[in-house]
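Engineer: What follows is work.cif, made up of mmCIF, C-alpha atoms:
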data_structure
loop_
_atom_site.label_atom_id
_atom_site.label_comp_id
_atom_site.auth_asym_id
_atom_site.auth_seq_id
_atom_site.Cartn_x
_atom_site.Cartn_y
_atom_site.Cartn_z
CA GLY A 27 127.31 95.50 82.43
CA ASN A 28 124.99 92.90 81.06
CA LEU A 29 121.49 94.01 79.98
CA MET A 30 119.98 91.46 82.37
CA THR A 31 121.35 93.32 85.41
CA ARG A 32 122.38 96.75 84.14
CA ASN A 33 120.58 99.95 85.14
CA LEU A 34 118.39 100.77 82.16
CA GLY A 35 117.90 104.42 83.05
CA ASP A 36 121.00 105.44 81.10
CA LEU A 37 119.88 103.61 77.95
CA VAL A 38 116.30 104.81 77.48
CA LYS A 39 114.73 108.18 76.76
CA LYS A 40 111.34 109.65 77.42
CA GLU A 41 110.45 109.21 73.74
CA ASP A 42 110.77 105.42 74.11
CA PHE A 43 107.77 105.24 76.48
CA VAL A 44 104.06 105.93 76.51
CA VAL A 45 103.84 108.28 79.48
CA GLY A 46 100.64 109.35 81.18
CA SER A 47 98.29 106.90 79.49
CA GLU A 48 95.56 105.25 81.51
CA TYR A 49 95.33 102.17 79.28
CA LEU A 50 98.70 101.75 77.52
CA THR A 51 102.11 100.93 78.92
CA THR A 52 105.57 100.29 77.53
CA LEU A 53 107.67 97.33 78.61
CA LEU A 54 111.39 96.78 78.17
CA VAL A 55 112.32 93.32 76.96
CA VAL A 56 115.81 91.81 76.88
CA VAL A 57 116.17 89.41 73.96
CA PRO A 58 119.21 87.23 73.21
CA LYS A 59 120.91 88.52 70.10
CA SER A 60 120.46 85.18 68.35
CA GLN A 61 116.69 85.44 68.86
CA SER A 62 116.14 89.06 67.81
CA GLN A 63 114.60 88.01 64.49
CA GLU A 64 112.27 85.63 66.32
CA TRP A 65 111.26 88.51 68.60
CA ARG A 66 110.36 90.70 65.65
CA MET A 67 108.22 87.93 64.18
CA THR A 68 106.42 86.86 67.39
CA TYR A 69 106.04 89.79 69.83
CA GLU A 70 102.68 90.85 68.35
CA LYS A 71 101.34 87.30 68.75
CA LEU A 72 102.45 86.66 72.34
CA THR A 73 99.12 88.01 73.59
CA ASP A 74 96.15 90.03 72.42
CA MET A 75 96.15 93.80 72.73
CA VAL A 76 99.77 94.41 71.74
CA VAL A 77 100.11 97.58 69.68
CA PRO A 78 101.20 96.41 66.20
CA ARG A 79 104.66 97.51 65.05
CA SER A 80 105.33 99.14 68.42
CA SER A 81 108.57 97.30 69.16
CA ARG A 82 111.80 99.20 68.73
CA MET A 83 115.39 98.22 69.48
CA VAL A 84 116.74 100.70 72.03
CA PHE A 85 120.17 99.23 72.79
CA GLU A 86 122.36 96.34 71.71
CA ASP A 87 125.43 94.79 73.32
CA ASN A 88 127.49 91.68 72.53
CA ASP A 89 124.94 89.15 73.82
CA HIS A 90 121.52 90.81 74.08
CA CYS A 91 119.24 93.42 72.55
CA LEU A 92 116.89 95.71 74.46
CA PHE A 93 113.48 96.22 72.86
CA THR A 94 110.48 98.31 73.83
CA VAL A 95 106.95 97.08 73.24
CA THR A 96 103.67 98.92 73.83
CA LEU A 97 100.55 97.09 74.99
CA PHE A 98 97.44 97.47 77.10
CA ARG A 99 97.96 97.40 80.87
CA LYS A 100 95.45 94.62 81.47
CA VAL A 101 97.48 92.05 79.47
CA VAL A 102 100.91 92.81 80.97
CA ASP A 103 101.02 89.70 83.17
CA GLU A 104 99.93 87.43 80.33
CA PHE A 105 102.53 89.01 78.04
CA LYS A 106 105.30 88.42 80.62
CA LEU A 107 104.29 84.78 80.96
CA HIS A 108 104.35 84.14 77.20
CA ALA A 109 107.58 86.11 76.79
CA ARG A 110 109.26 83.92 79.43
CA GLU A 111 108.19 80.81 77.49
CA HIS A 112 110.13 82.15 74.48
CA LYS A 113 113.16 83.03 76.67
CA PHE A 114 112.53 86.77 76.43
CA VAL A 115 113.13 88.62 79.70
CA VAL A 116 110.79 91.48 80.59
CA ARG A 117 112.66 93.94 82.80
CA GLU A 118 110.76 95.83 85.48
CA PHE A 119 111.26 99.50 84.73
CA ALA A 120 109.10 102.56 85.26
CA TYR A 121 110.28 105.71 83.54
CA ASP A 122 110.37 108.73 85.80
CA GLU A 123 112.50 111.66 84.71
CA ASN A 124 112.98 112.97 88.27
CA SER A 125 114.18 109.62 89.58
CA GLN A 126 116.56 109.27 86.61
CA ASP A 127 118.18 112.60 87.44
CA SER A 128 118.41 111.77 91.15
CA GLU A 129 119.98 108.37 90.35
CA ARG A 130 122.59 110.06 88.15
CA THR A 131 123.51 112.60 90.82
CA GLU A 132 123.62 109.86 93.47
CA SER A 133 125.88 107.77 91.24
CA GLN A 134 128.19 110.75 90.66
CA LYS A 135 128.35 111.44 94.42
CA LEU A 136 129.22 107.81 95.16
CA GLU A 137 131.91 107.79 92.47
CA ALA A 138 133.46 110.98 93.90
CA GLU A 139 133.36 109.50 97.43
CA LYS A 140 135.04 106.33 96.16
CA ARG A 141 137.83 108.35 94.53
CA ARG A 142 138.26 110.43 97.72
CA GLN A 143 138.60 107.36 99.96
CA PHE A 144 140.83 105.31 97.67
CA GLY A 145 144.16 106.98 98.58
CA PRO A 146 143.77 106.72 102.37
CA LEU A 147 142.56 103.13 102.00
CA VAL A 148 145.66 102.10 100.05
CA ARG A 149 147.95 103.79 102.61
CA TRP A 150 146.11 102.06 105.48
CA LEU A 151 146.38 98.69 103.75
CA LYS A 152 150.12 99.10 103.14
CA VAL A 153 150.79 99.89 106.81
CA ASN A 154 148.52 97.23 108.28
CA PHE A 155 149.49 94.49 105.84
CA SER A 156 153.09 94.89 106.93
CA GLU A 157 152.14 94.63 110.60
CA ALA A 158 149.83 91.65 110.06
CA PHE A 159 152.43 89.84 107.97
CA THR A 160 155.11 90.46 110.60
CA ALA A 161 152.85 89.08 113.35
CA TRP A 162 152.04 86.03 111.23
CA VAL A 163 155.74 85.32 110.62
CA HIS A 164 156.45 85.59 114.36
CA ILE A 165 153.69 83.09 115.14
CA LYS A 166 154.99 80.70 112.49
CA THR A 167 158.56 80.89 113.79
CA ILE A 168 157.65 80.45 117.47
CA ASP A 169 155.49 77.37 116.76
CA ILE A 170 154.56 76.65 120.38
CA PRO A 171 154.23 72.85 120.88
CA GLY A 172 150.74 71.54 121.33
CA ILE A 173 149.07 74.91 120.78
CA ILE A 174 149.79 75.76 117.18
CA SER A 175 151.07 72.44 115.90
CA ASN A 176 149.29 69.31 117.03
CA SER A 177 152.39 67.13 117.09
CA ALA A 178 153.17 65.35 120.38
CA GLU A 179 156.92 65.61 119.91
CA TYR A 180 158.61 68.95 119.70
CA TYR A 181 162.11 69.45 118.36
CA PRO A 182 163.43 73.00 118.70
CA TYR A 183 166.27 72.20 116.29
CA VAL A 184 166.68 70.56 112.93
CA TYR A 185 168.55 67.25 112.81
CA PHE A 186 170.38 66.04 109.74
CA ASN A 187 172.21 62.75 109.67
CA ILE A 188 175.54 63.40 107.95
CA LYS A 189 177.58 60.46 106.74
CA LEU A 190 181.27 61.12 106.71
CA ASP A 191 182.01 57.73 105.27
CA LEU A 192 182.06 58.43 101.54
CA PHE A 193 183.59 55.08 100.52
#
Written as structure tokens, how would this file's structure read?
Structural biologist:
Amino acid sequence: GNLMTRNLGDLVKKEDFVVGSEYLTTLLVVVPKSQSQEWRMTYEKLTDMVVPRSSRMVFEDNDHCLFTVTLFRKVVDEFKLHAREHKFVVREFAYDENSQDSERTESQKLEAEKRRQFGPLVRWLKVNFSEAFTAWVHIKTIDIPGIISNSAEYYPYVYFNIKLDLF
């Protein structure tokens, strides 16, 4: 998926973050690919207390790049505000190795459950679509006057005027 909505847990590693620091934190920033050079030139100047040369590109797709940046915790809100002004999106993400593993196992369980239920679902849809379609055709062919169609006149037959006079 797109980096704006995608789960970032699969893209980052523990080495990308400052873990266990009381004063420093690492943010993940999604930057449009066309503005990646601008990011490299301006991220240190968006606010005070950004660790110089701390930004690293972690992942890149067709439209966006994912960068990390390390800064002091007390300027996080100011950094987010200035980043938004430059059209850089700071993604909310807290690295926790245990939660990453549990998310992976949960995702694998859901994928296995989806595969298990797919066959019975398709069989159920084939049977019930046929019945629903048959009922719909019966309703359309009966066409009870005044209930289904709102016409005041009801003709249970089709009338064609045939001219036998060809000359």
Engineer: For atom CA of A:Met75 and atom CA of A:Glu104, quote the distance in Å rounded to one decimal.
Structural biologist: 10.6 Å
Engineer: Rounded to one decimal, what separation in Å do you get between atom CA of A:His108 and atom CA of A:Glu86?
Structural biologist: 22.4 Å
Engineer: Pick from A:Ser60, A:Thr68, A:Thr52, A:Thr131: nearest to A:Asn88, with all atoms listed in the file counted?
Structural biologist: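 Among A:Ser60, A:Thr68, A:Thr52, A:Thr131, it is A:Ser60 that comes nearest to A:Asn88.
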Engineer: Determine, counting all atoms listed in the file, every residue of protein, DNA or RNA that lies within 12 Å of (107.3, 79.5, 73.5) in the file coordinates, then give the result as a ChimeraX atom specification.
Structural biologist: /A:64-65,68-69,71-73,105-114
Engineer: Nearest residue to A:Leu92 out of A:Asp42, A:Glu157, A:Glu129, A:Asp122, using all atoms listed in the file?
Structural biologist: A:Asp42
Engineer: How far is it from atom CA of A:Tyr121 to atom CA of A:Lys100, in Å with one decimal?
Structural biologist: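 Between atom CA of A:Tyr121 and atom CA of A:Lys100 the gap works out to 18.6 Å.
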Engineer: Using all atoms listed in the file, can you list as a PDB file with C-alpha atoms, in the frame of the given file the residues within 12 Å of (106.9, 96.3, 64.1)?
Structural biologist:
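The result, stored in result.pdb:
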ATOM      1  CA  GLN A  63     114.600  88.010  64.490  1.00  0.00           C
ATOM      2  CA  TRP A  65     111.260  88.510  68.600  1.00  0.00           C
ATOM      3  CA  ARG A  66     110.360  90.700  65.650  1.00  0.00           C
ATOM      4  CA  MET A  67     108.220  87.930  64.180  1.00  0.00           C
ATOM      5  CA  THR A  68     106.420  86.860  67.390  1.00  0.00           C
ATOM      6  CA  TYR A  69     106.040  89.790  69.830  1.00  0.00           C
ATOM      7  CA  GLU A  70     102.680  90.850  68.350  1.00  0.00           C
ATOM      8  CA  LYS A  71     101.340  87.300  68.750  1.00  0.00           C
ATOM      9  CA  VAL A  76      99.770  94.410  71.740  1.00  0.00           C
ATOM     10  CA  VAL A  77     100.110  97.580  69.680  1.00  0.00           C
ATOM     11  CA  PRO A  78     101.200  96.410  66.200  1.00  0.00           C
ATOM     12  CA  ARG A  79     104.660  97.510  65.050  1.00  0.00           C
ATOM     13  CA  SER A  80     105.330  99.140  68.420  1.00  0.00           C
ATOM     14  CA  SER A  81     108.570  97.300  69.160  1.00  0.00           C
ATOM     15  CA  ARG A  82     111.800  99.200  68.730  1.00  0.00           C
ATOM     16  CA  MET A  83     115.390  98.220  69.480  1.00  0.00           C
ATOM     17  CA  PHE A  93     113.480  96.220  72.860  1.00  0.00           C
ATOM     18  CA  THR A  94     110.480  98.310  73.830  1.00  0.00           C
ATOM     19  CA  VAL A  95     106.950  97.080  73.240  1.00  0.00           C
ATOM     20  CA  THR A  96     103.670  98.920  73.830  1.00  0.00           C
TER      21      THR A  96
END
Engineer: Report as a list of chain:residue names all protein, DNA and RNA residues lying within 9 Å of A:Asp36, evaluated on all atoms listed in the file, omitting residues in the same chain fewer than 2 positions from it.
Structural biologist: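 Counting only the stated atoms, we get A:Asn33, A:Leu34, A:Val38, A:Lys39, A:Gln126, A:Arg130.
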Engineer: Skip A:Phe119 itself and residues of its chain fewer than 5 positions away, then list as a list of chain:residue names all residues within 9 Å of it, counting only C-alpha atoms.
Structural biologist: A:Leu34, A:Gly35, A:Leu53, A:Leu54
Engineer: Any chance you could resolve the PyMOL selection byres ((chain A and resi 30) around 12) against this file and give the residues as a PyMOL selection string?
Structural biologist: chain A and resi 27-29+31-34+54-58+86-87+89-92+114-118
Engineer: Since the input has fewer atoms than a full residue there, write stretch 137-148 of chain A out with all heavy atoms, as a PDB file, keeping the file's coordinate frame.
Structural biologist:
ATOM      1  N   GLU A 137     130.642 107.922  93.195  1.00  0.00           N
ATOM      2  CA  GLU A 137     131.910 107.790  92.470  1.00  0.00           C
ATOM      3  C   GLU A 137     132.952 108.771  93.022  1.00  0.00           C
ATOM      4  O   GLU A 137     134.120 108.425  93.207  1.00  0.00           O
ATOM      5  CB  GLU A 137     131.681 108.046  90.978  1.00  0.00           C
ATOM      6  CG  GLU A 137     132.838 107.691  90.098  1.00  0.00           C
ATOM      7  CD  GLU A 137     133.147 106.208  90.083  1.00  0.00           C
ATOM      8  OE1 GLU A 137     132.210 105.388  90.146  1.00  0.00           O
ATOM      9  OE2 GLU A 137     134.343 105.866  90.002  1.00  0.00           O
ATOM     10  N   ALA A 138     132.543 109.996  93.324  1.00  0.00           N
ATOM     11  CA  ALA A 138     133.460 110.980  93.900  1.00  0.00           C
ATOM     12  C   ALA A 138     133.923 110.542  95.297  1.00  0.00           C
ATOM     13  O   ALA A 138     135.100 110.678  95.641  1.00  0.00           O
ATOM     14  CB  ALA A 138     132.782 112.348  93.971  1.00  0.00           C
ATOM     15  N   GLU A 139     132.999 109.995  96.091  1.00  0.00           N
ATOM     16  CA  GLU A 139     133.360 109.500  97.430  1.00  0.00           C
ATOM     17  C   GLU A 139     134.330 108.332  97.336  1.00  0.00           C
ATOM     18  O   GLU A 139     135.273 108.232  98.124  1.00  0.00           O
ATOM     19  CB  GLU A 139     132.079 109.085  98.168  1.00  0.00           C
ATOM     20  CG  GLU A 139     132.300 108.609  99.577  1.00  0.00           C
ATOM     21  CD  GLU A 139     132.683 109.727 100.521  1.00  0.00           C
ATOM     22  OE1 GLU A 139     132.503 110.910 100.191  1.00  0.00           O
ATOM     23  OE2 GLU A 139     133.182 109.400 101.607  1.00  0.00           O
ATOM     24  N   LYS A 140     134.130 107.469  96.364  1.00  0.00           N
ATOM     25  CA  LYS A 140     135.040 106.330  96.160  1.00  0.00           C
ATOM     26  C   LYS A 140     136.441 106.832  95.812  1.00  0.00           C
ATOM     27  O   LYS A 140     137.437 106.346  96.352  1.00  0.00           O
ATOM     28  CB  LYS A 140     134.492 105.443  95.048  1.00  0.00           C
ATOM     29  CG  LYS A 140     135.360 104.268  94.709  1.00  0.00           C
ATOM     30  CD  LYS A 140     134.731 103.463  93.594  1.00  0.00           C
ATOM     31  CE  LYS A 140     135.764 102.885  92.689  1.00  0.00           C
ATOM     32  NZ  LYS A 140     135.222 102.280  91.492  1.00  0.00           N
ATOM     33  N   ARG A 141     136.520 107.794  94.908  1.00  0.00           N
ATOM     34  CA  ARG A 141     137.830 108.350  94.530  1.00  0.00           C
ATOM     35  C   ARG A 141     138.500 109.031  95.727  1.00  0.00           C
ATOM     36  O   ARG A 141     139.709 108.937  95.901  1.00  0.00           O
ATOM     37  CB  ARG A 141     137.670 109.343  93.388  1.00  0.00           C
ATOM     38  CG  ARG A 141     137.674 108.674  92.033  1.00  0.00           C
ATOM     39  CD  ARG A 141     137.696 109.661  90.889  1.00  0.00           C
ATOM     40  NE  ARG A 141     136.365 109.691  90.303  1.00  0.00           N
ATOM     41  CZ  ARG A 141     135.537 110.724  90.306  1.00  0.00           C
ATOM     42  NH1 ARG A 141     135.905 111.865  90.835  1.00  0.00           N
ATOM     43  NH2 ARG A 141     134.345 110.631  89.780  1.00  0.00           N
ATOM     44  N   ARG A 142     137.707 109.721  96.566  1.00  0.00           N
ATOM     45  CA  ARG A 142     138.260 110.430  97.720  1.00  0.00           C
ATOM     46  C   ARG A 142     138.821 109.454  98.750  1.00  0.00           C
ATOM     47  O   ARG A 142     139.850 109.711  99.370  1.00  0.00           O
ATOM     48  CB  ARG A 142     137.167 111.296  98.356  1.00  0.00           C
ATOM     49  CG  ARG A 142     137.668 112.176  99.484  1.00  0.00           C
ATOM     50  CD  ARG A 142     136.538 112.941 100.132  1.00  0.00           C
ATOM     51  NE  ARG A 142     135.621 112.091 100.875  1.00  0.00           N
ATOM     52  CZ  ARG A 142     135.865 111.581 102.090  1.00  0.00           C
ATOM     53  NH1 ARG A 142     137.011 111.796 102.679  1.00  0.00           N
ATOM     54  NH2 ARG A 142     134.962 110.832 102.698  1.00  0.00           N
ATOM     55  N   GLN A 143     138.185 108.308  98.933  1.00  0.00           N
ATOM     56  CA  GLN A 143     138.600 107.360  99.960  1.00  0.00           C
ATOM     57  C   GLN A 143     139.657 106.363  99.478  1.00  0.00           C
ATOM     58  O   GLN A 143     140.235 105.648 100.289  1.00  0.00           O
ATOM     59  CB  GLN A 143     137.390 106.582 100.469  1.00  0.00           C
ATOM     60  CG  GLN A 143     136.427 107.424 101.257  1.00  0.00           C
ATOM     61  CD  GLN A 143     135.237 106.627 101.739  1.00  0.00           C
ATOM     62  OE1 GLN A 143     135.077 105.463 101.396  1.00  0.00           O
ATOM     63  NE2 GLN A 143     134.394 107.253 102.538  1.00  0.00           N
ATOM     64  N   PHE A 144     139.927 106.319  98.201  1.00  0.00           N
ATOM     65  CA  PHE A 144     140.830 105.310  97.670  1.00  0.00           C
ATOM     66  C   PHE A 144     142.265 105.494  98.168  1.00  0.00           C
ATOM     67  O   PHE A 144     142.907 104.532  98.600  1.00  0.00           O
ATOM     68  CB  PHE A 144     140.807 105.322  96.136  1.00  0.00           C
ATOM     69  CG  PHE A 144     141.641 104.246  95.521  1.00  0.00           C
ATOM     70  CD1 PHE A 144     141.208 102.930  95.539  1.00  0.00           C
ATOM     71  CD2 PHE A 144     142.864 104.533  94.937  1.00  0.00           C
ATOM     72  CE1 PHE A 144     141.968 101.926  94.985  1.00  0.00           C
ATOM     73  CE2 PHE A 144     143.632 103.530  94.383  1.00  0.00           C
ATOM     74  CZ  PHE A 144     143.178 102.228  94.403  1.00  0.00           C
ATOM     75  N   GLY A 145     142.786 106.716  98.140  1.00  0.00           N
ATOM     76  CA  GLY A 145     144.160 106.980  98.580  1.00  0.00           C
ATOM     77  C   GLY A 145     144.400 106.602 100.031  1.00  0.00           C
ATOM     78  O   GLY A 145     145.340 105.852 100.345  1.00  0.00           O
ATOM     79  N   PRO A 146     143.577 107.119 100.967  1.00  0.00           N
ATOM     80  CA  PRO A 146     143.770 106.720 102.370  1.00  0.00           C
ATOM     81  C   PRO A 146     143.610 105.213 102.591  1.00  0.00           C
ATOM     82  O   PRO A 146     144.309 104.643 103.423  1.00  0.00           O
ATOM     83  CB  PRO A 146     142.660 107.491 103.109  1.00  0.00           C
ATOM     84  CG  PRO A 146     142.366 108.657 102.238  1.00  0.00           C
ATOM     85  CD  PRO A 146     142.591 108.194 100.833  1.00  0.00           C
ATOM     86  N   LEU A 147     142.728 104.573 101.858  1.00  0.00           N
ATOM     87  CA  LEU A 147     142.560 103.130 102.000  1.00  0.00           C
ATOM     88  C   LEU A 147     143.828 102.379 101.604  1.00  0.00           C
ATOM     89  O   LEU A 147     144.270 101.469 102.311  1.00  0.00           O
ATOM     90  CB  LEU A 147     141.376 102.634 101.155  1.00  0.00           C
ATOM     91  CG  LEU A 147     141.189 101.120 101.109  1.00  0.00           C
ATOM     92  CD1 LEU A 147     140.784 100.594 102.472  1.00  0.00           C
ATOM     93  CD2 LEU A 147     140.171 100.739 100.057  1.00  0.00           C
ATOM     94  N   VAL A 148     144.430 102.760 100.498  1.00  0.00           N
ATOM     95  CA  VAL A 148     145.660 102.100 100.050  1.00  0.00           C
ATOM     96  C   VAL A 148     146.780 102.307 101.057  1.00  0.00           C
ATOM     97  O   VAL A 148     147.509 101.376 101.393  1.00  0.00           O
ATOM     98  CB  VAL A 148     146.067 102.595  98.639  1.00  0.00           C
ATOM     99  CG1 VAL A 148     147.449 102.111  98.260  1.00  0.00           C
ATOM    100  CG2 VAL A 148     145.045 102.139  97.610  1.00  0.00           C
TER     101      VAL A 148
END
